[in-house]
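Undergrad: Handing over model-v2.cif, mmCIF, C-alpha atoms and all ligand atoms.
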```cif
data_model
#
loop_
_atom_site.label_atom_id
_atom_site.label_comp_id
_atom_site.auth_asym_id
_atom_site.auth_seq_id
_atom_site.Cartn_x
_atom_site.Cartn_y
_atom_site.Cartn_z
CA VAL A 29 38.94 -12.17 -7.22
CA PHE A 30 36.23 -10.61 -5.08
CA PRO A 31 34.40 -7.97 -7.12
CA PRO A 32 32.49 -5.24 -5.28
CA ILE A 33 29.02 -6.12 -4.06
CA GLU A 34 27.72 -2.88 -5.48
CA TYR A 35 24.41 -2.85 -3.66
CA LEU A 36 26.05 -3.40 -0.27
CA ASP A 37 28.63 -0.69 -0.97
CA PHE A 38 25.75 1.68 -1.73
CA ALA A 39 23.77 0.59 1.33
CA HIS A 40 26.74 1.00 3.67
CA ARG A 41 27.42 4.41 2.23
CA TRP A 42 23.93 5.86 2.45
CA TYR A 43 21.48 3.93 4.63
CA GLY A 44 21.08 5.66 7.94
CA GLN A 45 23.13 8.61 6.66
CA VAL A 46 20.36 10.74 5.17
CA ARG A 47 17.29 12.34 6.71
CA PHE A 48 14.63 10.40 4.88
CA ASP A 49 15.19 6.66 4.68
CA LEU A 50 12.91 4.77 2.27
CA ALA A 51 15.56 2.14 1.59
CA THR A 52 16.25 0.19 4.77
CA SER A 53 14.65 -3.23 4.63
CA GLY A 54 14.90 -4.33 8.26
CA ILE A 55 12.94 -3.47 11.39
CA ALA A 56 14.50 -0.72 13.49
CA GLN A 57 17.18 -2.15 15.77
CA VAL A 58 16.15 -3.23 19.22
CA ALA A 59 18.26 -1.72 22.03
CA PRO A 60 20.76 -4.29 23.36
CA GLY A 61 19.43 -3.62 26.86
CA ALA A 62 16.03 -4.98 25.79
CA LEU A 63 17.60 -8.41 25.28
CA GLY A 64 17.98 -8.92 29.02
CA GLU A 65 21.14 -9.31 31.09
CA PRO A 66 24.23 -9.00 28.88
CA PRO A 67 25.51 -12.56 28.32
CA ARG A 68 29.08 -13.70 28.87
CA ILE A 69 30.84 -13.08 25.60
CA ASP A 70 33.57 -15.65 26.27
CA ASP A 71 31.25 -18.62 26.72
CA TYR A 72 32.16 -21.08 23.97
CA THR A 73 29.21 -23.33 24.79
CA ALA A 74 26.82 -20.63 23.49
CA ARG A 75 27.17 -21.86 19.89
CA THR A 76 25.51 -25.16 20.72
CA ARG A 77 22.72 -23.48 22.64
CA PHE A 78 22.10 -21.06 19.77
CA ARG A 79 22.03 -23.98 17.31
CA ASP A 80 19.51 -25.80 19.51
CA ALA A 81 17.35 -22.67 19.83
CA VAL A 82 17.23 -22.31 16.04
CA ALA A 83 16.36 -26.00 15.67
CA GLU A 84 13.56 -25.73 18.20
CA ARG A 85 12.06 -22.59 16.70
CA TYR A 86 11.95 -23.99 13.16
CA GLY A 87 11.14 -27.60 14.00
CA VAL A 88 14.28 -29.09 12.47
CA ASP A 89 16.99 -31.33 13.93
CA ALA A 90 19.91 -29.59 15.59
CA GLY A 91 22.17 -31.46 13.17
CA GLU A 92 20.60 -29.51 10.28
CA VAL A 93 21.56 -26.10 11.72
CA VAL A 94 24.82 -24.38 10.84
CA PRO A 95 25.25 -21.14 12.82
CA SER A 96 26.63 -18.39 10.59
CA MET A 97 27.64 -14.75 10.77
CA GLY A 98 24.36 -13.32 9.58
CA ALA A 99 22.38 -14.66 6.65
CA SER A 100 25.28 -13.19 4.65
CA GLY A 101 27.62 -15.76 6.18
CA ALA A 102 25.12 -18.50 5.44
CA LEU A 103 24.79 -17.43 1.79
CA PHE A 104 28.55 -17.54 1.36
CA ALA A 105 28.82 -20.91 3.11
CA ALA A 106 26.02 -22.34 0.95
CA GLN A 107 27.62 -21.27 -2.30
CA ALA A 108 31.10 -22.36 -1.21
CA THR A 109 29.76 -25.75 -0.12
CA TRP A 110 27.24 -26.73 -2.77
CA LEU A 111 29.13 -25.49 -5.83
CA SER A 112 32.19 -27.42 -7.02
CA PRO A 113 34.58 -26.35 -9.78
CA GLY A 114 32.72 -26.09 -13.09
CA ASP A 115 29.27 -25.85 -11.46
CA ARG A 116 26.83 -23.06 -12.34
CA LEU A 117 24.38 -21.08 -10.21
CA LEU A 118 20.91 -20.18 -11.47
CA VAL A 119 19.43 -17.15 -9.70
CA GLU A 120 16.14 -15.26 -9.82
CA SER A 121 15.97 -11.84 -11.46
CA PRO A 122 15.41 -9.20 -10.10
CA SER A 123 17.73 -10.37 -7.36
CA TYR A 124 19.47 -9.42 -4.13
CA GLU A 125 23.08 -9.16 -5.27
CA PRO A 126 24.81 -11.29 -2.58
CA LEU A 127 22.55 -14.16 -3.62
CA TRP A 128 24.79 -14.64 -6.67
CA ARG A 129 27.92 -12.52 -6.14
CA SER A 130 29.78 -14.99 -3.95
CA ALA A 131 29.18 -17.76 -6.48
CA GLN A 132 30.60 -15.49 -9.14
CA ALA A 133 33.53 -14.52 -6.92
CA LEU A 134 34.25 -18.19 -6.33
CA GLY A 135 34.51 -18.64 -10.10
CA HIS A 136 31.09 -20.06 -10.98
CA PRO A 137 29.12 -18.87 -14.01
CA VAL A 138 25.80 -17.30 -13.01
CA ASP A 139 22.60 -17.68 -15.06
CA ARG A 140 19.32 -15.92 -14.42
CA PHE A 141 15.62 -16.70 -14.71
CA GLU A 142 12.98 -14.02 -14.79
CA ARG A 143 10.40 -13.26 -12.14
CA ALA A 144 8.27 -11.06 -14.36
CA HIS A 145 6.02 -8.13 -13.54
CA GLY A 146 3.42 -9.67 -15.89
CA THR A 147 3.11 -12.73 -13.64
CA ARG A 148 3.19 -10.63 -10.48
CA PHE A 149 6.79 -11.73 -9.87
CA ALA A 150 5.62 -15.27 -9.17
CA LEU A 151 8.24 -17.96 -8.86
CA ASP A 152 7.42 -19.97 -11.98
CA VAL A 153 8.67 -23.56 -11.82
CA ASP A 154 8.77 -23.85 -15.62
CA ALA A 155 10.82 -20.66 -15.93
CA VAL A 156 13.32 -22.06 -13.42
CA LEU A 157 13.57 -25.41 -15.18
CA ALA A 158 14.01 -23.67 -18.55
CA GLY A 159 16.96 -21.76 -17.10
CA LEU A 160 18.86 -24.86 -15.97
CA LYS A 161 22.02 -25.92 -17.74
CA PRO A 162 23.62 -29.36 -17.38
CA GLN A 163 26.21 -27.88 -14.98
CA THR A 164 23.65 -26.04 -12.78
CA ARG A 165 23.93 -27.36 -9.23
CA VAL A 166 22.24 -24.62 -7.20
CA VAL A 167 19.11 -22.53 -7.81
CA ALA A 168 18.98 -19.48 -5.51
CA VAL A 169 15.79 -17.63 -4.59
CA THR A 170 14.52 -15.38 -1.82
CA ASN A 171 11.20 -15.89 -0.07
CA PRO A 172 9.74 -13.33 0.55
CA HIS A 173 11.31 -12.06 -2.64
CA ASN A 174 13.82 -9.26 -2.30
CA PRO A 175 13.15 -6.77 -3.91
CA THR A 176 9.40 -7.26 -4.63
CA GLY A 177 8.25 -8.63 -1.25
CA VAL A 178 6.14 -11.26 -3.08
CA VAL A 179 5.73 -14.52 -1.15
CA THR A 180 5.88 -17.96 -2.78
CA ASP A 181 3.66 -20.61 -1.22
CA ASP A 182 4.98 -23.90 0.14
CA ALA A 183 3.25 -25.97 -2.57
CA THR A 184 5.16 -24.16 -5.32
CA LEU A 185 8.46 -24.48 -3.48
CA ARG A 186 7.78 -28.17 -2.91
CA ASP A 187 7.05 -28.72 -6.62
CA LEU A 188 10.18 -26.83 -7.56
CA ALA A 189 12.33 -28.75 -5.06
CA ARG A 190 11.02 -32.06 -6.39
CA ALA A 191 11.71 -31.13 -10.01
CA LEU A 192 15.22 -29.98 -9.07
CA GLU A 193 15.96 -33.07 -7.03
CA GLU A 194 15.37 -35.24 -10.11
CA ARG A 195 18.08 -33.17 -11.78
CA ASN A 196 20.49 -33.32 -8.83
CA VAL A 197 20.11 -29.60 -8.13
CA VAL A 198 19.88 -27.94 -4.71
CA LEU A 199 17.31 -25.21 -4.00
CA LEU A 200 18.72 -22.42 -1.83
CA VAL A 201 15.96 -20.32 -0.25
CA ASP A 202 16.95 -17.13 1.53
CA GLU A 203 14.06 -16.55 3.95
CA VAL A 204 15.49 -13.66 5.91
CA TYR A 205 12.17 -11.73 5.65
CA MET A 206 9.90 -14.69 6.40
CA GLU A 207 9.25 -14.38 10.12
CA LEU A 208 6.97 -11.31 9.95
CA GLY A 209 4.49 -13.05 7.66
CA GLN A 210 4.95 -16.70 8.60
CA PRO A 211 6.59 -16.97 12.03
CA ARG A 212 8.57 -20.15 12.69
CA SER A 213 8.27 -21.45 9.11
CA THR A 214 11.08 -22.64 6.88
CA ALA A 215 11.23 -24.16 3.42
CA ARG A 216 13.92 -26.55 4.69
CA ARG A 217 11.21 -29.08 5.50
CA LEU A 218 9.81 -29.04 1.95
CA GLY A 219 12.43 -31.25 0.33
CA SER A 220 15.67 -33.06 1.13
CA ASN A 221 17.46 -30.88 -1.46
CA VAL A 222 16.24 -27.59 0.06
CA ILE A 223 18.69 -25.49 2.05
CA THR A 224 17.66 -22.23 3.66
CA CYS A 225 19.17 -19.29 5.46
CA SER A 226 17.98 -16.55 7.77
CA SER A 227 19.11 -14.45 10.71
CA ALA A 228 18.15 -12.22 13.61
CA THR A 229 18.65 -9.13 11.44
CA LYS A 230 15.58 -8.20 9.44
CA CYS A 231 12.41 -9.22 11.26
CA LEU A 232 13.77 -9.42 14.80
CA GLY A 233 15.71 -6.15 14.64
CA ALA A 234 19.06 -7.42 15.95
CA GLY A 235 21.42 -7.12 12.99
CA TYR A 236 24.32 -6.05 15.19
CA VAL A 237 24.30 -9.48 16.84
CA ARG A 238 25.28 -11.08 13.49
CA ALA A 239 23.56 -14.30 14.48
CA GLY A 240 22.39 -16.19 11.41
CA TRP A 241 21.92 -19.77 10.32
CA LEU A 242 21.93 -22.14 7.42
CA LEU A 243 19.54 -25.10 7.50
CA CYS A 244 20.70 -28.06 5.42
CA PRO A 245 20.76 -31.86 5.27
CA PRO A 246 22.68 -33.07 8.35
CA GLU A 247 25.20 -34.99 6.26
CA ARG A 248 26.45 -31.72 4.73
CA ALA A 249 26.34 -29.56 7.88
CA ASP A 250 30.00 -30.18 8.79
CA ASP A 251 31.11 -29.24 5.27
CA ALA A 252 29.15 -25.97 5.45
CA ALA A 253 30.35 -25.24 9.00
CA ARG A 254 33.96 -25.62 7.84
CA VAL A 255 33.65 -22.42 5.79
CA GLU A 256 33.60 -20.49 9.08
CA ARG A 257 37.17 -21.75 9.75
CA TYR A 258 38.29 -19.98 6.59
CA VAL A 259 36.56 -16.67 7.07
CA THR A 260 36.64 -16.10 10.84
CA GLY A 261 38.69 -18.94 12.35
CA GLN A 262 36.04 -19.03 14.99
CA ALA A 263 33.00 -16.78 15.11
CA PRO A 264 32.69 -14.70 18.31
CA PRO A 265 30.81 -16.73 20.95
CA GLY A 266 29.17 -13.50 22.09
CA SER A 267 27.18 -13.49 18.84
CA TRP A 268 25.73 -16.90 19.61
CA ALA A 269 25.07 -15.92 23.24
CA LEU A 270 23.17 -12.84 22.09
CA GLY A 271 21.52 -14.80 19.28
CA GLU A 272 20.18 -17.23 21.86
CA LYS A 273 18.66 -14.30 23.76
CA VAL A 274 17.11 -12.89 20.59
CA LEU A 275 15.51 -16.23 19.73
CA ALA A 276 14.21 -16.65 23.27
CA ARG A 277 12.37 -13.34 22.75
CA ALA A 278 11.53 -13.83 19.09
CA ASP A 279 7.76 -13.71 19.49
CA ALA A 280 7.94 -10.54 21.59
CA LEU A 281 10.31 -9.01 19.02
CA LEU A 282 7.84 -9.83 16.24
CA GLN A 283 5.14 -8.14 18.27
CA ARG A 284 7.43 -5.12 18.64
CA ALA A 285 7.98 -5.13 14.88
CA GLU A 286 4.25 -5.17 14.25
CA THR A 287 3.75 -2.22 16.58
CA ILE A 288 6.55 -0.25 14.92
CA GLN A 289 5.11 -0.91 11.45
CA ARG A 290 1.47 -0.21 12.27
CA GLY A 291 -0.15 2.38 10.00
CA LYS A 292 2.79 2.77 7.65
CA ARG A 293 1.49 0.61 4.84
CA THR A 294 -1.68 2.68 4.46
CA LYS A 295 0.51 5.70 3.72
CA ILE A 296 2.51 3.76 1.16
CA ASP A 297 -0.64 2.47 -0.54
CA ARG A 298 -2.04 6.01 -0.68
CA PHE A 299 1.19 7.32 -2.23
CA LEU A 300 1.18 4.64 -4.91
CA GLU A 301 -2.50 5.13 -5.68
CA GLN A 302 -1.93 8.86 -5.99
CA HIS A 303 0.90 8.35 -8.48
CA ALA A 304 -0.49 5.29 -10.26
CA GLU A 305 -0.24 7.04 -13.65
CA THR A 306 3.55 7.08 -13.34
CA LEU A 307 4.40 4.38 -10.84
CA GLU A 308 3.32 0.73 -10.81
CA TRP A 309 3.87 -2.06 -8.32
CA VAL A 310 2.59 -5.45 -7.26
CA PRO A 311 1.45 -4.87 -3.67
CA PRO A 312 3.26 -7.31 -1.38
CA PRO A 313 1.48 -8.85 1.64
CA ALA A 314 0.56 -6.43 4.43
CA THR A 315 3.35 -7.73 6.69
CA GLY A 316 6.05 -6.84 4.12
CA LEU A 317 8.65 -4.15 4.72
CA PHE A 318 9.22 -3.10 1.11
CA GLY A 319 7.93 -3.29 -2.43
CA TRP A 320 9.28 -2.92 -5.94
CA VAL A 321 8.13 0.17 -7.80
CA ARG A 322 8.54 0.65 -11.55
CA ASP A 323 8.51 3.99 -13.27
CA ARG A 324 6.24 3.61 -16.29
CA ARG A 325 8.24 6.30 -18.10
CA GLY A 326 11.20 3.88 -18.24
CA GLY A 327 14.80 5.03 -18.37
CA ASP A 328 17.57 4.82 -15.81
CA LEU A 329 16.44 6.31 -12.51
CA MET A 330 19.92 6.26 -10.97
CA PRO A 331 20.89 9.90 -11.69
CA ARG A 332 17.62 11.16 -10.18
CA LEU A 333 17.90 8.85 -7.19
CA GLU A 334 21.46 10.02 -6.56
CA ARG A 335 20.30 13.63 -6.68
CA GLY A 336 17.58 12.64 -4.23
CA ILE A 337 20.26 11.58 -1.79
CA THR A 338 22.74 14.39 -2.21
CA GLU A 339 20.34 17.30 -2.75
CA HIS A 340 17.15 16.27 -0.96
CA GLY A 341 18.29 13.80 1.71
CA VAL A 342 15.99 10.97 0.63
CA VAL A 343 17.18 7.46 -0.19
CA VAL A 344 15.47 4.44 -1.83
CA ALA A 345 17.21 1.27 -3.05
CA PRO A 346 17.96 1.88 -6.76
CA GLY A 347 16.67 -0.82 -9.08
CA SER A 348 19.91 -1.02 -11.04
CA PHE A 349 21.40 -3.00 -8.14
CA PHE A 350 18.66 -5.59 -8.51
CA GLY A 351 18.58 -5.78 -12.30
CA ASP A 352 16.10 -3.09 -13.44
CA PRO A 353 17.32 0.55 -13.58
CA SER A 354 13.80 1.88 -14.19
CA ALA A 355 12.61 0.56 -10.82
CA PHE A 356 13.45 1.00 -7.15
CA ARG A 357 12.77 -0.80 -3.93
CA LEU A 358 10.63 1.33 -1.67
CA GLY A 359 10.91 0.46 2.01
CA TRP A 360 8.82 1.51 4.99
CA ALA A 361 10.89 0.11 7.85
CA GLY A 362 12.37 3.55 8.55
CA ASP A 363 11.10 6.22 10.92
CA GLY A 364 7.28 6.28 10.73
CA GLU A 365 7.11 9.91 11.86
CA LYS A 366 8.97 11.00 8.76
CA LEU A 367 7.30 8.65 6.29
CA GLU A 368 4.84 11.10 4.73
CA ALA A 369 7.46 13.84 4.40
CA ALA A 370 9.87 11.33 2.87
CA LEU A 371 7.28 10.27 0.28
CA GLN A 372 6.57 13.88 -0.64
CA ILE A 373 10.25 14.53 -1.23
CA LEU A 374 10.53 11.35 -3.26
CA ALA A 375 7.64 12.56 -5.44
CA GLN A 376 9.59 15.76 -6.02
CA VAL A 377 12.81 13.90 -6.85
CA LEU A 378 10.96 11.68 -9.34
CA GLU A 379 9.05 14.69 -10.70
CA LEU A 380 5.74 12.94 -10.21
CA GLY A 381 3.67 16.12 -10.04
CA ALA A 382 0.63 16.37 -7.79
CA GLY A 383 -0.66 12.94 -8.82
CA SER A 384 -4.32 12.08 -9.29
C1 LIG B 1 17.58 -11.30 1.05
C2 LIG B 1 18.64 -10.97 2.06
N1 LIG B 1 19.42 -11.94 2.53
C3 LIG B 1 20.38 -11.69 3.44
C4 LIG B 1 20.62 -10.42 3.91
C5 LIG B 1 21.71 -10.19 4.90
O1 LIG B 1 21.28 -10.46 6.18
P1 LIG B 1 22.26 -10.48 7.44
O2 LIG B 1 22.23 -9.14 8.06
O3 LIG B 1 21.66 -11.51 8.33
O4 LIG B 1 23.61 -10.87 6.98
C6 LIG B 1 19.82 -9.38 3.44
C7 LIG B 1 20.09 -8.00 3.87
O5 LIG B 1 19.64 -7.03 3.30
C8 LIG B 1 18.82 -9.66 2.50
O6 LIG B 1 18.03 -8.68 2.01
#
```
Is it possible to give me this structure as structure tokens?
TA:
Amino acid sequence: VFPPIEYLDFAHRWYGQVRFDLATSGIAQVAPGALGEPPRIDDYTARTRFRDAVAERYGVDAGEVVPSMGASGALFAAQATWLSPGDRLLVESPSYEPLWRSAQALGHPVDRFERAHGTRFALDVDAVLAGLKPQTRVVAVTNPHNPTGVVTDDATLRDLARALEERNVVLLVDEVYMELGQPRSTARRLGSNVITCSSATKCLGAGYVRAGWLLCPPERADDAARVERYVTGQAPPGSWALGEKVLARADALLQRAETIQRGKRTKIDRFLEQHAETLEWVPPPATGLFGWVRDRRGGDLMPRLERGITEHGVVVAPGSFFGDPSAFRLGWAGDGEKLEAALQILAQVLELGAGS
């Protein structure tokens, strides 16, 4: 019933296991000690405080917040709640696999709409509407887009939400990478049919806490929260207690993230300029942690990328997991000290030559 989530299997196998990491998409983990006094992990009131902290940070009502085990838990809850038997999911392509896999695992047909290189991976309202079928009940997107890092503005999301509302369709926006570029913002406020998810993992650097959230209309929050009963019985209160501490320090953690990332993007830009004859990309905003790089020579890069891992100790996120085997997601959230060496080895693995 539950097919492999191939990208996550790959990520768990290799990320953090090789010398040169150009794949990881989240800020380096903050040490637990930096989150202050360890909280009581048996305090069952922490869930409510975490929920309230999320509500306050994003300017939504506490009744709209469903705490979840990571954004992953929120994605599952969203698809299990907003899709009924016979309903279809429409998802962006290229796409982050868990955005559609749980819908598929739950028995829902999945359709795709293109975010095309030619339109700089823009989220095109007409392309979404053209992809709808009468049974489509949820449209799933990421913002910033994983894997390209491209950001969709609020006006476009609002237009899309409005057009979908007329058709009784919910817009699910995974905004797990949003905080670095637009702190405290959420698409939840852009339409009554918009639901969003995020977590403390990517921008705040506290993935081990597993504190995430779904934001949704209050009248559906209990339905979405019920999913937790099925998958964990009750989520560990220590996660919410730590999540509360992470959110209390969110602005400082964003500052930390900025410091960690400083100077890396210049190196990435230089690399891509140097190899522009072979590699192309749409540069994401400066605050992004990754971009989507296509090899103009085409073909399936997977064999080379696998050799890169096993023979050269360098890993990127292969494009085949996102829907384009001739591309890869290049990330610069890994160790800054090793970034230039990692890029040189990648150039070797891809046989890019000296570049221009
Ligand atoms: C777009 C997107 N959503 C959700 C997640 C999962 O986040 P979490 O660690 O909060 O479960 C990831 C992780 O890579 C992601 O890229």
Undergrad: My list of candidates is A:Leu358, A:Leu199, A:Leu380, A:Val82. Which is closest to Ala304 in chain A when distances are computed with all atoms listed in the file?
TA: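 Selected residue with least distance to Ala304 in chain A: A:Leu380.
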Undergrad: Looking at A:Asn196, A:Ser96, A:Ser220, A:Thr147, which one is nearest to ligand LIG 1 (chain B), with distances taken over all atoms listed in the file?
TA: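 The shortest atom-to-atom distance to ligand LIG 1 (chain B) comes from A:Ser96.
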Undergrad: Hey, can I get the axis-aligned box for ligand LIG 1 (chain B)? All listed atoms, 4 Å padding on each side, centre and edge lengths in Å to one decimal, as lines of an AutoDock Vina configuration file.
TA:
```
center_x = 20.6
center_y = -9.5
center_z = 4.7
size_x = 14.0
size_y = 12.9
size_z = 15.3
```
Undergrad: Tell me, counting only C-alpha atoms and all ligand atoms, for each residue of chain A within 8 Å of ligand LIG 1 (chain B), which pair of atoms is nearest and how far apart they are in Å to one decimal, in rows ordered by chain and increasing number, as a Markdown table.
TA:
```
| residue | atom | partner | partner_atom | distance |
| --- | --- | --- | --- | --- |
| A:Ser53 | CA | B:LIG1 | O5 | 6.4 |
| A:Gly54 | CA | B:LIG1 | O5 | 7.4 |
| A:Met97 | CA | B:LIG1 | O4 | 6.8 |
| A:Gly98 | CA | B:LIG1 | O3 | 3.5 |
| A:Ala99 | CA | B:LIG1 | O3 | 3.6 |
| A:Ser100 | CA | B:LIG1 | O4 | 3.7 |
| A:Gly101 | CA | B:LIG1 | O4 | 6.4 |
| A:Ala102 | CA | B:LIG1 | O4 | 7.9 |
| A:Leu103 | CA | B:LIG1 | C3 | 7.4 |
| A:Tyr124 | CA | B:LIG1 | C1 | 5.8 |
| A:Pro126 | CA | B:LIG1 | N1 | 7.5 |
| A:Leu127 | CA | B:LIG1 | N1 | 7.2 |
| A:Thr170 | CA | B:LIG1 | C1 | 5.9 |
| A:Asn171 | CA | B:LIG1 | C1 | 7.9 |
| A:His173 | CA | B:LIG1 | C1 | 7.3 |
| A:Asn174 | CA | B:LIG1 | C1 | 5.4 |
| A:Pro175 | CA | B:LIG1 | O6 | 7.9 |
| A:Asp202 | CA | B:LIG1 | N1 | 5.8 |
| A:Glu203 | CA | B:LIG1 | C1 | 7.0 |
| A:Val204 | CA | B:LIG1 | N1 | 5.5 |
| A:Tyr205 | CA | B:LIG1 | C1 | 7.1 |
| A:Cys225 | CA | B:LIG1 | N1 | 7.9 |
| A:Ser226 | CA | B:LIG1 | O3 | 6.3 |
| A:Ser227 | CA | B:LIG1 | O3 | 4.6 |
| A:Ala228 | CA | B:LIG1 | O3 | 6.4 |
| A:Thr229 | CA | B:LIG1 | O2 | 4.9 |
| A:Lys230 | CA | B:LIG1 | O2 | 6.9 |
| A:Gly235 | CA | B:LIG1 | O2 | 5.4 |
| A:Arg238 | CA | B:LIG1 | O3 | 6.3 |
| A:Ala239 | CA | B:LIG1 | O3 | 7.0 |
| A:Gly240 | CA | B:LIG1 | O3 | 5.6 |
```
Undergrad: Restricting the calculation to only C-alpha atoms, which member of A:Asn221, A:Thr306, A:Thr260, A:Gln107 is positioned closest to Gln132 in chain A?
TA: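 Going through A:Asn221, A:Thr306, A:Thr260, A:Gln107 one by one, the smallest distance to Gln132 in chain A is for A:Gln107.
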Undergrad: Can you sort out range 41-48 of chain A so it carries all heavy atoms, written as a short mmCIF file (atom, residue, chain, number, x, y, z; two decimals), in the coordinates of the input?
TA:
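Okay, this is what ended up in part_31.cif:
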```
data_model
loop_
_atom_site.label_atom_id
_atom_site.label_comp_id
_atom_site.auth_asym_id
_atom_site.auth_seq_id
_atom_site.Cartn_x
_atom_site.Cartn_y
_atom_site.Cartn_z
N ARG A 41 27.10 2.99 2.38
CA ARG A 41 27.42 4.41 2.23
C ARG A 41 26.25 5.31 2.65
O ARG A 41 26.46 6.34 3.29
CB ARG A 41 27.79 4.67 0.76
CG ARG A 41 28.00 6.12 0.45
CD ARG A 41 29.09 6.33 -0.58
NE ARG A 41 29.40 7.73 -0.68
CZ ARG A 41 29.44 8.39 -1.83
NH1 ARG A 41 29.25 7.75 -2.96
NH2 ARG A 41 29.71 9.67 -1.84
N TRP A 42 25.02 4.90 2.30
CA TRP A 42 23.93 5.86 2.45
C TRP A 42 22.87 5.53 3.49
O TRP A 42 22.25 6.44 4.04
CB TRP A 42 23.23 6.06 1.09
CG TRP A 42 24.12 6.70 0.08
CD1 TRP A 42 24.55 6.15 -1.10
CD2 TRP A 42 24.71 8.01 0.13
NE1 TRP A 42 25.36 7.02 -1.77
CE2 TRP A 42 25.47 8.17 -1.04
CE3 TRP A 42 24.66 9.07 1.05
CZ2 TRP A 42 26.18 9.35 -1.32
CZ3 TRP A 42 25.36 10.23 0.79
CH2 TRP A 42 26.12 10.36 -0.39
N TYR A 43 22.60 4.24 3.73
CA TYR A 43 21.48 3.93 4.63
C TYR A 43 21.81 4.42 6.04
O TYR A 43 22.90 4.21 6.55
CB TYR A 43 21.19 2.42 4.65
CG TYR A 43 20.70 1.86 3.33
CD1 TYR A 43 20.71 2.62 2.17
CD2 TYR A 43 20.22 0.56 3.23
CE1 TYR A 43 20.27 2.10 0.97
CE2 TYR A 43 19.78 0.04 2.03
CZ TYR A 43 19.81 0.82 0.90
OH TYR A 43 19.38 0.30 -0.30
N GLY A 44 20.85 5.11 6.60
CA GLY A 44 21.08 5.66 7.94
C GLY A 44 21.87 6.96 7.92
O GLY A 44 22.08 7.56 8.97
N GLN A 45 22.30 7.40 6.74
CA GLN A 45 23.13 8.61 6.66
C GLN A 45 22.35 9.83 6.16
O GLN A 45 22.88 10.93 6.14
CB GLN A 45 24.33 8.40 5.70
CG GLN A 45 25.16 7.17 6.00
CD GLN A 45 25.77 7.22 7.39
OE1 GLN A 45 26.27 8.25 7.82
NE2 GLN A 45 25.69 6.11 8.11
N VAL A 46 21.14 9.61 5.69
CA VAL A 46 20.36 10.74 5.17
C VAL A 46 19.08 10.89 6.00
O VAL A 46 18.69 9.98 6.73
CB VAL A 46 20.01 10.55 3.67
CG1 VAL A 46 21.27 10.49 2.83
CG2 VAL A 46 19.17 9.33 3.46
N ARG A 47 18.43 12.04 5.84
CA ARG A 47 17.29 12.34 6.71
C ARG A 47 16.09 11.43 6.48
O ARG A 47 15.41 11.03 7.40
CB ARG A 47 16.84 13.80 6.46
CG ARG A 47 17.31 14.73 7.57
CD ARG A 47 16.83 16.13 7.33
NE ARG A 47 15.50 16.38 7.86
CZ ARG A 47 14.70 17.34 7.42
NH1 ARG A 47 15.08 18.12 6.42
NH2 ARG A 47 13.54 17.54 7.96
N PHE A 48 15.86 11.13 5.20
CA PHE A 48 14.63 10.40 4.88
C PHE A 48 14.99 9.04 4.28
O PHE A 48 15.46 8.96 3.16
CB PHE A 48 13.77 11.20 3.92
CG PHE A 48 13.34 12.52 4.49
CD1 PHE A 48 13.90 13.71 4.04
CD2 PHE A 48 12.38 12.57 5.50
CE1 PHE A 48 13.51 14.92 4.57
CE2 PHE A 48 11.99 13.79 6.04
CZ PHE A 48 12.55 14.97 5.57
#
```
